[in-house]
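The data block below is protein-v3.txt; it holds compact mmCIF, C-alpha atoms and all ligand atoms.
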```
# COMPACT_ATOMS: atom_id res chain seq x y z
CA MET A 27 0.00 0.00 0.00
CA SER A 28 1.37 3.42 -0.89
CA THR A 29 1.84 6.00 1.83
CA ASN A 30 1.67 9.74 1.50
CA ILE A 31 4.95 11.34 2.35
CA LEU A 32 3.42 14.80 2.04
CA GLU A 33 -0.22 15.65 2.56
CA VAL A 34 -1.45 19.21 2.27
CA LYS A 35 -5.08 20.18 2.86
CA GLY A 36 -6.68 23.60 2.43
CA LEU A 37 -3.40 25.41 3.08
CA LYS A 38 -3.67 29.20 3.28
CA THR A 39 -0.68 31.38 4.06
CA TYR A 40 -0.10 35.08 3.52
CA TYR A 41 2.39 37.92 3.84
CA ARG A 42 1.59 40.85 6.11
CA THR A 43 3.26 43.87 4.56
CA ARG A 44 4.66 46.88 6.38
CA LEU A 45 1.62 48.83 5.17
CA LYS A 46 -0.51 46.26 7.07
CA GLU A 47 -1.89 44.72 3.89
CA ASN A 48 -2.22 40.95 3.39
CA VAL A 49 -0.86 39.24 0.28
CA TYR A 50 -2.68 35.91 -0.07
CA ALA A 51 0.19 34.04 -1.73
CA VAL A 52 -1.00 30.45 -1.00
CA ASP A 53 -4.76 30.41 -0.97
CA GLY A 54 -6.33 27.01 -0.39
CA VAL A 55 -3.83 24.48 -1.71
CA ASP A 56 -4.48 20.73 -1.54
CA PHE A 57 -2.18 17.99 -2.76
CA VAL A 58 -0.57 14.72 -1.77
CA LEU A 59 2.80 13.32 -2.69
CA GLU A 60 3.08 9.56 -2.47
CA ASP A 61 6.23 7.96 -1.14
CA GLY A 62 8.60 7.31 -4.04
CA LYS A 63 6.96 9.81 -6.41
CA THR A 64 8.16 13.06 -7.90
CA LEU A 65 6.07 16.18 -8.28
CA GLY A 66 6.74 19.33 -10.29
CA ILE A 67 5.29 22.71 -9.36
CA ALA A 68 5.15 25.18 -12.23
CA GLY A 69 3.68 28.63 -12.79
CA GLU A 70 4.61 32.18 -13.69
CA SER A 71 6.66 34.36 -11.41
CA GLY A 72 4.57 35.48 -8.43
CA SER A 73 2.12 32.56 -8.58
CA GLY A 74 3.06 31.42 -5.06
CA LYS A 75 5.46 28.52 -5.75
CA SER A 76 8.23 29.65 -3.40
CA THR A 77 5.73 30.65 -0.71
CA LEU A 78 4.19 27.19 -0.93
CA ALA A 79 7.64 25.63 -0.46
CA LEU A 80 8.40 27.82 2.57
CA SER A 81 4.98 27.06 3.99
CA LEU A 82 5.47 23.29 3.59
CA MET A 83 8.66 23.51 5.60
CA GLY A 84 6.89 25.31 8.43
CA PHE A 85 9.06 28.41 7.91
CA TYR A 86 6.63 30.93 9.37
CA PHE A 87 8.60 34.04 10.15
CA PRO A 88 7.19 37.54 9.56
CA PRO A 89 6.12 38.71 7.08
CA LEU A 90 4.94 35.14 6.22
CA HIS A 91 2.01 33.89 8.31
CA TYR A 92 -0.02 30.71 8.51
CA LYS A 93 -3.77 31.15 8.19
CA SER A 94 -5.33 27.68 7.97
CA GLY A 95 -5.06 24.15 6.62
CA SER A 96 -2.87 21.18 7.45
CA ILE A 97 0.54 19.86 6.42
CA HIS A 98 1.47 16.26 7.22
CA ILE A 99 5.03 15.14 6.53
CA ASN A 100 5.31 11.36 6.68
CA GLY A 101 2.22 11.30 8.90
CA THR A 102 3.33 14.06 11.29
CA ASP A 103 1.20 17.19 11.52
CA ILE A 104 4.00 19.76 11.43
CA MET A 105 1.76 22.60 12.60
CA LYS A 106 1.57 20.82 15.96
CA LEU A 107 5.37 20.82 16.41
CA SER A 108 7.45 23.47 18.13
CA LYS A 109 10.16 25.18 16.08
CA ASN A 110 12.76 23.06 17.93
CA GLN A 111 10.92 19.79 17.24
CA LEU A 112 10.55 20.78 13.61
CA ARG A 113 14.28 21.47 13.35
CA SER A 114 15.48 18.31 15.13
CA GLN A 115 12.90 15.77 13.93
CA ILE A 116 11.75 16.86 10.49
CA LEU A 117 14.04 19.29 8.68
CA GLY A 118 16.98 17.63 6.98
CA ARG A 119 15.85 14.14 8.04
CA GLU A 120 12.32 13.81 6.68
CA ILE A 121 12.36 16.77 4.32
CA ALA A 122 15.12 18.94 2.89
CA TYR A 123 14.67 22.25 1.17
CA ILE A 124 16.89 24.05 -1.28
CA PRO A 125 15.69 27.65 -1.56
CA GLN A 126 16.05 29.73 -4.69
CA ALA A 127 19.61 30.96 -5.20
CA ALA A 128 20.86 28.81 -2.30
CA MET A 129 24.18 28.35 -4.06
CA ASN A 130 24.89 32.08 -3.71
CA ALA A 131 24.15 32.00 0.01
CA LEU A 132 27.04 29.69 0.95
CA ASN A 133 29.42 31.40 3.36
CA PRO A 134 32.43 32.15 1.11
CA THR A 135 34.94 31.84 3.97
CA LEU A 136 34.21 28.15 4.67
CA LYS A 137 35.41 25.09 2.80
CA ILE A 138 32.61 22.81 1.59
CA ILE A 139 33.44 20.06 4.10
CA ARG A 140 32.69 22.53 6.91
CA PHE A 141 29.04 22.77 5.87
CA ILE A 142 28.75 18.99 6.10
CA GLU A 143 30.57 18.92 9.46
CA ASP A 144 28.11 21.50 10.80
CA ILE A 145 25.11 19.37 9.79
CA MET A 146 26.66 16.27 11.35
CA LYS A 147 27.44 18.10 14.60
CA VAL A 148 23.70 18.59 15.05
CA HIS A 149 22.34 15.33 13.66
CA LYS A 150 25.12 12.77 14.18
CA PRO A 151 27.39 14.16 16.91
CA GLU A 152 28.86 10.70 17.57
CA LEU A 153 30.80 10.78 14.27
CA SER A 154 34.47 11.82 14.33
CA LYS A 155 35.82 14.39 11.85
CA LYS A 156 37.50 11.52 9.93
CA GLN A 157 34.23 9.58 9.77
CA VAL A 158 32.40 12.66 8.48
CA TRP A 159 35.09 13.15 5.84
CA ASP A 160 34.90 9.49 4.73
CA MET A 161 31.13 9.64 4.54
CA ALA A 162 31.14 12.90 2.58
CA ALA A 163 33.86 11.64 0.20
CA GLU A 164 31.95 8.43 -0.46
CA ARG A 165 28.73 10.34 -1.10
CA PHE A 166 30.42 12.79 -3.48
CA GLN A 167 32.09 9.95 -5.39
CA THR A 168 28.82 8.05 -5.69
CA LEU A 169 27.22 11.17 -7.13
CA ASN A 170 30.09 11.70 -9.59
CA LEU A 171 31.28 14.85 -7.83
CA SER A 172 35.00 15.28 -7.32
CA THR A 173 36.15 14.95 -3.70
CA LYS A 174 38.36 17.98 -4.40
CA VAL A 175 35.18 20.02 -4.04
CA LEU A 176 35.15 19.18 -0.33
CA THR A 177 38.33 21.14 0.26
CA SER A 178 37.33 24.03 -1.99
CA TYR A 179 35.77 27.34 -1.04
CA PRO A 180 32.38 28.11 -2.63
CA ASN A 181 33.81 30.86 -4.82
CA GLU A 182 36.29 28.42 -6.37
CA LEU A 183 33.41 26.43 -7.87
CA SER A 184 31.50 27.17 -11.08
CA GLY A 185 27.80 28.02 -10.77
CA GLY A 186 26.71 24.57 -11.90
CA MET A 187 29.14 22.80 -9.55
CA LYS A 188 28.10 25.05 -6.67
CA GLN A 189 24.46 24.13 -7.25
CA ARG A 190 25.22 20.39 -7.40
CA THR A 191 27.29 20.76 -4.23
CA VAL A 192 24.41 22.48 -2.42
CA ILE A 193 22.12 19.63 -3.46
CA ALA A 194 24.62 17.00 -2.26
CA ILE A 195 25.04 18.79 1.10
CA SER A 196 21.29 19.22 1.59
CA THR A 197 20.61 15.54 1.04
CA ILE A 198 23.49 14.19 3.13
CA LEU A 199 21.06 12.90 5.80
CA ASN A 200 18.99 11.00 3.18
CA PRO A 201 15.78 12.97 3.66
CA LYS A 202 12.64 11.26 2.39
CA VAL A 203 11.63 14.30 0.36
CA LEU A 204 13.69 16.99 -1.29
CA ILE A 205 12.01 20.27 -2.18
CA ALA A 206 14.12 22.14 -4.72
CA ASP A 207 13.06 25.68 -5.64
CA GLU A 208 14.24 26.68 -9.13
CA PRO A 209 17.43 24.60 -8.85
CA THR A 210 18.23 25.08 -12.52
CA SER A 211 17.46 28.75 -13.02
CA ALA A 212 20.43 31.00 -13.80
CA LEU A 213 22.40 27.98 -15.06
CA ASP A 214 23.50 27.28 -18.62
CA VAL A 215 21.90 24.34 -20.42
CA THR A 216 24.79 21.94 -19.74
CA SER A 217 24.74 22.73 -16.02
CA GLN A 218 20.95 22.40 -15.98
CA LYS A 219 21.27 18.90 -17.41
CA ALA A 220 23.91 18.01 -14.81
CA VAL A 221 21.57 19.17 -12.02
CA ILE A 222 18.69 17.10 -13.45
CA LYS A 223 21.01 14.08 -13.71
CA LEU A 224 22.03 14.57 -10.07
CA MET A 225 18.37 14.63 -8.98
CA LYS A 226 17.79 11.38 -10.85
CA ASP A 227 20.89 9.81 -9.27
CA LEU A 228 19.69 10.81 -5.80
CA LEU A 229 16.37 9.08 -6.51
CA ASP A 230 17.92 6.00 -8.19
CA LYS A 231 20.38 5.48 -5.35
CA GLN A 232 17.59 6.09 -2.83
CA PHE A 233 19.40 8.93 -1.09
CA ILE A 234 16.02 10.63 -1.41
CA ARG A 235 12.71 8.88 -2.02
CA SER A 236 10.55 11.69 -3.34
CA LEU A 237 11.14 15.03 -4.99
CA VAL A 238 9.25 18.29 -5.34
CA PHE A 239 10.79 20.33 -8.14
CA ILE A 240 9.69 23.95 -8.50
CA THR A 241 10.26 25.86 -11.70
CA HIS A 242 8.62 28.40 -13.98
CA GLU A 243 9.79 26.27 -16.92
CA LEU A 244 7.05 23.68 -17.16
CA PRO A 245 8.65 21.54 -19.92
CA LEU A 246 11.78 20.94 -17.83
CA LEU A 247 9.65 18.91 -15.45
CA TYR A 248 8.90 16.33 -18.10
CA HIS A 249 12.34 14.82 -17.55
CA VAL A 250 12.20 14.57 -13.76
CA THR A 251 8.69 14.34 -12.43
CA ASP A 252 5.81 11.86 -12.48
CA GLU A 253 3.18 14.52 -11.95
CA ILE A 254 2.95 18.28 -12.30
CA VAL A 255 0.79 20.88 -10.62
CA VAL A 256 0.41 24.33 -12.11
CA MET A 257 -0.10 27.26 -9.75
CA TYR A 258 -1.76 30.51 -10.65
CA ALA A 259 -2.39 33.41 -8.26
CA GLY A 260 -1.98 31.30 -5.13
CA GLU A 261 -4.11 28.36 -6.27
CA ILE A 262 -3.46 25.04 -8.01
CA VAL A 263 -5.27 25.30 -11.33
CA GLU A 264 -4.35 21.91 -12.78
CA ARG A 265 -2.72 18.66 -11.75
CA GLY A 266 -1.96 15.66 -13.94
CA THR A 267 0.80 13.35 -15.10
CA ALA A 268 3.81 15.09 -16.63
CA HIS A 269 2.77 13.75 -20.03
CA GLN A 270 -0.82 15.01 -19.71
CA MET A 271 0.24 18.43 -18.53
CA ILE A 272 2.80 18.99 -21.25
CA PHE A 273 1.23 17.33 -24.27
CA ASP A 274 -2.46 17.65 -23.43
CA PRO A 275 -3.02 20.54 -21.00
CA ILE A 276 -6.68 21.13 -20.17
CA HIS A 277 -6.80 24.34 -18.15
CA PRO A 278 -6.60 27.42 -20.40
CA TYR A 279 -3.75 28.76 -18.25
CA THR A 280 -1.67 25.56 -18.53
CA LYS A 281 -2.37 25.62 -22.26
CA LYS A 282 -1.12 29.20 -22.52
CA LEU A 283 1.87 28.48 -20.28
CA MET A 284 2.96 25.71 -22.62
CA GLY A 285 2.39 28.00 -25.59
CA SER A 286 4.63 30.68 -24.11
CA ILE A 287 7.76 28.56 -23.67
CA ILE A 288 10.82 29.97 -25.32
CA VAL A 289 13.03 26.92 -25.70
CA PRO A 290 11.07 23.72 -26.25
CA GLU A 291 12.69 20.74 -24.57
CA GLU A 292 14.03 17.71 -26.40
CA GLY A 293 11.19 15.56 -27.67
CA MET A 294 8.77 18.48 -27.91
CA LYS A 295 8.08 20.71 -30.82
CA GLY A 296 6.83 24.22 -30.13
CA HIS A 297 4.01 25.74 -32.14
CA LYS A 298 3.46 29.43 -32.53
CA LEU A 299 5.12 31.16 -29.60
CA GLU A 300 2.75 33.48 -27.78
CA ALA A 301 3.08 35.50 -24.59
CA ILE A 302 0.16 35.35 -22.18
CA PRO A 303 -1.57 38.73 -22.42
CA GLY A 304 -2.26 40.73 -19.26
CA ALA A 305 -0.99 40.16 -15.74
CA PRO A 306 -2.03 37.97 -12.78
CA PRO A 307 -4.46 39.55 -10.30
CA ASN A 308 -3.28 41.49 -7.30
CA LEU A 309 -2.98 38.94 -4.50
CA LYS A 310 -3.99 41.55 -1.93
CA LYS A 311 -7.52 41.56 -3.37
CA VAL A 312 -8.27 38.51 -5.48
CA PRO A 313 -11.32 38.48 -7.78
CA PRO A 314 -14.32 36.39 -6.68
CA GLY A 315 -14.45 34.06 -9.70
CA CYS A 316 -11.72 32.36 -11.74
CA ARG A 317 -8.47 34.19 -11.11
CA PHE A 318 -7.36 33.64 -14.70
CA ALA A 319 -10.61 34.94 -16.21
CA ASP A 320 -9.29 38.40 -17.13
CA ARG A 321 -6.58 36.80 -19.28
CA CYS A 322 -8.61 33.89 -20.64
CA SER A 323 -10.05 34.14 -24.15
CA TYR A 324 -12.90 31.74 -23.26
CA ALA A 325 -14.02 33.46 -20.06
CA THR A 326 -17.71 34.26 -19.57
CA LYS A 327 -19.57 36.31 -16.97
CA ASP A 328 -19.99 33.12 -14.89
CA CYS A 329 -16.22 32.58 -14.84
CA LYS A 330 -15.67 36.09 -13.50
CA GLU A 331 -18.42 36.13 -10.93
CA GLY A 332 -19.13 32.58 -9.75
CA LYS A 333 -16.97 30.51 -7.45
CA VAL A 334 -14.83 28.10 -9.45
CA GLU A 335 -14.17 24.75 -7.77
CA SER A 336 -11.65 22.10 -8.81
CA ARG A 337 -13.06 19.21 -10.79
CA THR A 338 -11.67 15.84 -11.81
CA ALA A 339 -11.75 14.31 -15.26
CA GLU A 340 -9.63 11.66 -16.96
CA GLY A 341 -7.58 11.14 -13.80
CA ARG A 342 -6.58 14.77 -13.56
CA LEU A 343 -7.75 17.74 -11.57
CA TYR A 344 -8.42 21.20 -12.95
CA ARG A 345 -10.11 24.40 -11.82
CA CYS A 346 -12.40 25.62 -14.61
CA ILE A 347 -16.14 25.73 -15.17
CA PHE A 348 -15.89 24.12 -18.62
CA ASP A 349 -15.71 20.38 -19.25
CA THR A 350 -12.74 18.82 -21.01
CA GLN A 351 -14.73 18.18 -24.18
CA THR A 352 -15.69 21.83 -24.58
CA LEU A 353 -12.17 23.02 -23.88
CA ARG A 354 -10.63 20.50 -26.31
CA GLU A 355 -13.10 21.54 -28.99
CA TRP A 356 -12.03 25.17 -28.62
CA TYR A 357 -8.36 24.19 -28.69
CA ARG A 358 -8.92 22.10 -31.81
CA LYS A 359 -10.52 25.06 -33.54
CA GLU A 360 -7.52 27.17 -32.71
CA GLN A 361 -5.02 24.49 -33.62
CA GLY A 362 -1.51 25.76 -33.91
CA ASP A 363 -2.28 28.27 -31.20
CA GLY A 364 0.46 27.84 -28.65
CA GLY A 365 0.33 24.07 -28.22
CA VAL A 366 3.22 21.68 -27.86
CA VAL A 367 3.20 18.24 -29.43
CA ALA A 368 5.45 15.21 -29.18
CA GLN A 369 7.82 14.99 -32.13
N1 LIG A 401 8.26 39.05 1.65
C1 LIG A 401 7.15 39.30 0.96
N2 LIG A 401 6.30 40.26 1.37
C2 LIG A 401 5.14 40.52 0.69
N3 LIG A 401 4.76 39.84 -0.43
C3 LIG A 401 5.58 38.87 -0.86
C4 LIG A 401 6.80 38.55 -0.21
N4 LIG A 401 7.41 37.53 -0.89
C5 LIG A 401 6.59 37.25 -1.93
N5 LIG A 401 5.50 38.03 -1.91
C6 LIG A 401 4.36 38.03 -2.86
O1 LIG A 401 3.74 36.75 -2.77
C7 LIG A 401 3.29 36.34 -4.05
C8 LIG A 401 3.87 34.96 -4.36
O2 LIG A 401 5.29 35.09 -4.49
P1 LIG A 401 6.25 33.82 -4.66
O3 LIG A 401 7.65 34.30 -4.55
O4 LIG A 401 5.80 32.75 -3.77
O5 LIG A 401 5.93 33.42 -6.18
P2 LIG A 401 6.77 32.44 -7.12
O6 LIG A 401 5.76 31.74 -7.95
O7 LIG A 401 7.68 31.60 -6.32
O8 LIG A 401 7.56 33.46 -8.02
P3 LIG A 401 9.11 33.39 -8.48
O9 LIG A 401 9.18 32.30 -9.50
O10 LIG A 401 9.37 34.74 -9.03
O11 LIG A 401 9.88 33.09 -7.23
C9 LIG A 401 3.70 37.43 -5.03
O12 LIG A 401 2.60 38.28 -5.22
C10 LIG A 401 4.81 38.15 -4.31
O13 LIG A 401 4.89 39.50 -4.71
```
Written as structure tokens, that's how I'd like the structure from this file.
Amino acid sequence: MSTNILEVKGLKTYYRTRLKENVYAVDGVDFVLEDGKTLGIAGESGSGKSTLALSLMGFYFPPLHYKSGSIHINGTDIMKLSKNQLRSQILGREIAYIPQAAMNALNPTLKIIRFIEDIMKVHKPELSKKQVWDMAAERFQTLNLSTKVLTSYPNELSGGMKQRTVIAISTILNPKVLIADEPTSALDVTSQKAVIKLMKDLLDKQFIRSLVFITHELPLLYHVTDEIVVMYAGEIVERGTAHQMIFDPIHPYTKKLMGSIIVPEEGMKGHKLEAIPGAPPNLKKVPPGCRFADRCSYATKDCKEGKVESRTAEGRLYRCIFDTQTLREWYRKEQGDGGVVAQ
């Protein structure tokens, strides 16, 4: 029987700005991640991906606040834990998180081995310095990273190597889930591929069991994840298998997101490239109906005014008032309009 390593129900979190306004960045998110599975989270900048990641880790420090909902990590309700319990029992062991631009946050005055020693001092204090070195060297070798990296300073490493090193350090305790926020952004294509390969190696060698990979580049997820969710304005608007989401998106936003990609990935052929007109709604005051309605060419009065619930069809979930048949019919009529097909 499969178990859920991550279970999120009705999660709402928000930022309280200095002007005392609330930004509803994660606004009623539900999803589960089964043990052994990989999940991609995609969406435009500002859709709430990073806030969702921070929220999942229980990182509630002003201006970020928890409003409601539950987060279970491997069966534990993390909202019931103290900050200390969260740090000693969950973070690093059950779940590890690599924030955006983590590679640039490494203290430049410390050699890489020092970061690993610091983790071990907290989690495995019984290990000697030599044992920590041997363990780190073995792990780096297994992941095809040179052990020379361990004695290097962060600034001596290239961007791609720094990112792979951060990933290796963050997973040294074999967490069950790794949440990686934009781990490939700001890297050249070769380095991006090396990072993806490293993620796959971590999964294959069971150093991690599950992965949540966040990116604004939806097609990249095809190579690493079983399923993808697309976020828009703080909500999940569609969830399906990676293949469904990339080759047969149903929600008009996912469809447009795929149509706006600049560099189609291997195995995909881009159609007419088209930017998504307009901008996402202001998350301080979200519209009552579908949040994408103002940018959607199919939107009606009902979309703008009525509450739009998630619905399931063909094993996927999407938030739109139209059924899949109607949407597909419209897409067929506009064929060539921003779709992506398998080559
Ligand atoms: N510290 C903050 N204070 C107030 N609002 C914030 C803060 N950080 C983010 N936000 C707002 O929360 C919303 C969600 O932002 P978030 O960074 O989670 O989006 P994202 O999808 O991860 O975007 P990106 O890909 O650019 O990181 C946005 O409207 C953003 O402006």
Checklist entry - If you count only C-alpha atoms, which residues fall within 10 Å of Thr39 of chain A, apart from same-chain ones fewer than 3 positions away, as a PyMOL selection string? => result chain A and resi 36+42+48-55+74+77-78+80-81+86+90-95+260
Counting all atoms listed in the file, what are the residues of chain A within 10 Å of ligand LIG 401 (chain A), and for each of them which pair of atoms is the nearest and at what distance in Å, to one decimal? Sort the table by chain and rising number, as JSON lines.
```
{"residue": "A:Thr39", "atom": "CA", "partner": "A:LIG401", "partner_atom": "O1", "distance": 9.7}
{"residue": "A:Tyr40", "atom": "CA", "partner": "A:LIG401", "partner_atom": "O1", "distance": 7.6}
{"residue": "A:Tyr41", "atom": "CA", "partner": "A:LIG401", "partner_atom": "C2", "distance": 4.9}
{"residue": "A:Arg42", "atom": "CA", "partner": "A:LIG401", "partner_atom": "C2", "distance": 6.5}
{"residue": "A:Thr43", "atom": "CA", "partner": "A:LIG401", "partner_atom": "C2", "distance": 5.5}
{"residue": "A:Arg44", "atom": "CA", "partner": "A:LIG401", "partner_atom": "N2", "distance": 8.5}
{"residue": "A:Glu47", "atom": "CA", "partner": "A:LIG401", "partner_atom": "C2", "distance": 8.8}
{"residue": "A:Asn48", "atom": "CA", "partner": "A:LIG401", "partner_atom": "C2", "distance": 7.9}
{"residue": "A:Val49", "atom": "CA", "partner": "A:LIG401", "partner_atom": "N3", "distance": 5.7}
{"residue": "A:Tyr50", "atom": "CA", "partner": "A:LIG401", "partner_atom": "O1", "distance": 7.0}
{"residue": "A:Ala51", "atom": "CA", "partner": "A:LIG401", "partner_atom": "C7", "distance": 4.5}
{"residue": "A:Val52", "atom": "CA", "partner": "A:LIG401", "partner_atom": "C8", "distance": 7.4}
{"residue": "A:Ile67", "atom": "CA", "partner": "A:LIG401", "partner_atom": "O6", "distance": 9.2}
{"residue": "A:Ala68", "atom": "CA", "partner": "A:LIG401", "partner_atom": "O6", "distance": 7.9}
{"residue": "A:Gly69", "atom": "CA", "partner": "A:LIG401", "partner_atom": "O6", "distance": 6.1}
{"residue": "A:Glu70", "atom": "CA", "partner": "A:LIG401", "partner_atom": "O6", "distance": 5.9}
{"residue": "A:Ser71", "atom": "CA", "partner": "A:LIG401", "partner_atom": "O8", "distance": 3.6}
{"residue": "A:Gly72", "atom": "CA", "partner": "A:LIG401", "partner_atom": "O5", "distance": 3.3}
{"residue": "A:Ser73", "atom": "CA", "partner": "A:LIG401", "partner_atom": "O6", "distance": 3.8}
{"residue": "A:Gly74", "atom": "CA", "partner": "A:LIG401", "partner_atom": "O4", "distance": 3.3}
{"residue": "A:Lys75", "atom": "CA", "partner": "A:LIG401", "partner_atom": "O7", "distance": 3.8}
{"residue": "A:Ser76", "atom": "CA", "partner": "A:LIG401", "partner_atom": "O7", "distance": 3.6}
{"residue": "A:Thr77", "atom": "CA", "partner": "A:LIG401", "partner_atom": "O4", "distance": 3.7}
{"residue": "A:Leu78", "atom": "CA", "partner": "A:LIG401", "partner_atom": "O4", "distance": 6.4}
{"residue": "A:Ala79", "atom": "CA", "partner": "A:LIG401", "partner_atom": "O4", "distance": 8.1}
{"residue": "A:Leu80", "atom": "CA", "partner": "A:LIG401", "partner_atom": "O4", "distance": 8.4}
{"residue": "A:Ser81", "atom": "CA", "partner": "A:LIG401", "partner_atom": "O4", "distance": 9.7}
{"residue": "A:Phe87", "atom": "CA", "partner": "A:LIG401", "partner_atom": "N1", "distance": 9.9}
{"residue": "A:Pro88", "atom": "CA", "partner": "A:LIG401", "partner_atom": "N1", "distance": 8.1}
{"residue": "A:Pro89", "atom": "CA", "partner": "A:LIG401", "partner_atom": "N1", "distance": 5.8}
{"residue": "A:Leu90", "atom": "CA", "partner": "A:LIG401", "partner_atom": "N1", "distance": 6.9}
{"residue": "A:Pro125", "atom": "CA", "partner": "A:LIG401", "partner_atom": "O11", "distance": 9.8}
{"residue": "A:Gln126", "atom": "CA", "partner": "A:LIG401", "partner_atom": "O11", "distance": 7.5}
{"residue": "A:Asp207", "atom": "CA", "partner": "A:LIG401", "partner_atom": "O7", "distance": 8.0}
{"residue": "A:Glu208", "atom": "CA", "partner": "A:LIG401", "partner_atom": "O9", "distance": 7.6}
{"residue": "A:Ser211", "atom": "CA", "partner": "A:LIG401", "partner_atom": "O9", "distance": 9.7}
{"residue": "A:Ile240", "atom": "CA", "partner": "A:LIG401", "partner_atom": "O7", "distance": 8.2}
{"residue": "A:Thr241", "atom": "CA", "partner": "A:LIG401", "partner_atom": "O9", "distance": 6.9}
{"residue": "A:His242", "atom": "CA", "partner": "A:LIG401", "partner_atom": "O9", "distance": 6.0}
{"residue": "A:Glu243", "atom": "CA", "partner": "A:LIG401", "partner_atom": "O9", "distance": 9.6}
{"residue": "A:Met257", "atom": "CA", "partner": "A:LIG401", "partner_atom": "O6", "distance": 7.6}
{"residue": "A:Tyr258", "atom": "CA", "partner": "A:LIG401", "partner_atom": "O6", "distance": 8.1}
{"residue": "A:Ala259", "atom": "CA", "partner": "A:LIG401", "partner_atom": "C8", "distance": 7.5}
{"residue": "A:Gly260", "atom": "CA", "partner": "A:LIG401", "partner_atom": "C8", "distance": 6.9}
{"residue": "A:Pro306", "atom": "CA", "partner": "A:LIG401", "partner_atom": "O12", "distance": 8.9}
{"residue": "A:Pro307", "atom": "CA", "partner": "A:LIG401", "partner_atom": "O12", "distance": 8.8}
{"residue": "A:Asn308", "atom": "CA", "partner": "A:LIG401", "partner_atom": "O12", "distance": 7.0}
{"residue": "A:Leu309", "atom": "CA", "partner": "A:LIG401", "partner_atom": "O12", "distance": 5.7}
{"residue": "A:Lys310", "atom": "CA", "partner": "A:LIG401", "partner_atom": "O12", "distance": 8.1}
```
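The shortest atom-to-atom distance to Asn170 of chain A, with only C-alpha atoms taken into account, belongs to A:Val221 out of A:Leu136, A:Cys322, A:Ala339, A:Val221.
Atom CA of Leu112 of chain A sits 23.2 Å away from atom CA of Ala127 of chain A.
Checking A:Cys346, A:Ile121, A:Leu169, A:Leu65 one by one against Tyr324 of chain A, counting all atoms listed in the file, you find the shortest gap at A:Cys346.
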Can you pull out every residue within 7 Å of segment 225-236 of chain A, counting only C-alpha atoms, but drop anything in the same chain fewer than 4 positions away, and send it as a short mmCIF file (atom, residue, chain, number, x, y, z; two decimals) with C-alpha atoms, keeping the file's coordinate frame?
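Full text of part.cif as output:
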```
data_model
loop_
_atom_site.label_atom_id
_atom_site.label_comp_id
_atom_site.auth_asym_id
_atom_site.auth_seq_id
_atom_site.Cartn_x
_atom_site.Cartn_y
_atom_site.Cartn_z
CA ASP A 61 6.23 7.96 -1.14
CA GLY A 62 8.60 7.31 -4.04
CA LYS A 63 6.96 9.81 -6.41
CA THR A 64 8.16 13.06 -7.90
CA LEU A 169 27.22 11.17 -7.13
CA ASN A 200 18.99 11.00 3.18
CA PRO A 201 15.78 12.97 3.66
CA LYS A 202 12.64 11.26 2.39
CA VAL A 203 11.63 14.30 0.36
CA LEU A 204 13.69 16.99 -1.29
CA VAL A 221 21.57 19.17 -12.02
#
```
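Coordinates place atom CA of Ser172 of chain A at a distance of 17.7 Å from atom CA of Glu143 of chain A.
For Cys316 of chain A, the non-local neighbours within 8 Å, defined as residues at least 4 positions apart in the same chain or in other chains and counting all atoms listed in the file, are Cys329, Lys330, Glu331, Gly332, Lys333, Val334 and Cys346 of chain A.
With only C-alpha atoms as the atoms that count, the residue of A:Pro209, A:Gly186, A:Pro314, A:Gly101 with the shortest distance to Leu246 of chain A is A:Pro209.
Atom CA of Gly266 of chain A to atom CA of Thr251 of chain A spans 10.8 Å [interatomic distance, one decimal].
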Of A:Thr168, A:Ser96, A:Thr267, A:Thr135, the one nearest to Gly341 of chain A when counting only C-alpha atoms is A:Thr267
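Using all atoms listed in the file, the contacts of Arg321 of chain A at a cut-off of 7 Å, with sequence neighbours closer than 2 positions omitted, comprise Pro303, Gly304, Phe318, Ala319 and Ser323 of chain A.
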- request: Would you kindly return, as a ChimeraX atom specification, each protein, DNA or RNA residue with an atom no farther than 6 Å from any atom of segment 179-185 of chain A, considering all atoms listed in the file and excluding same-chain residues fewer than 2 positions away?
  value: /A:134,136-137,187-188
- [ ] Using all atoms listed in the file, find all polymer residues with an atom at most 8 Å away from the point (36.5, 23.7, 4.4); report them as a list of chain:residue names.
- [x] A:Leu136, A:Lys137, A:Ile138, A:Ile139, A:Arg140, A:Phe141, A:Leu176, A:Thr177, A:Ser178, A:Tyr179
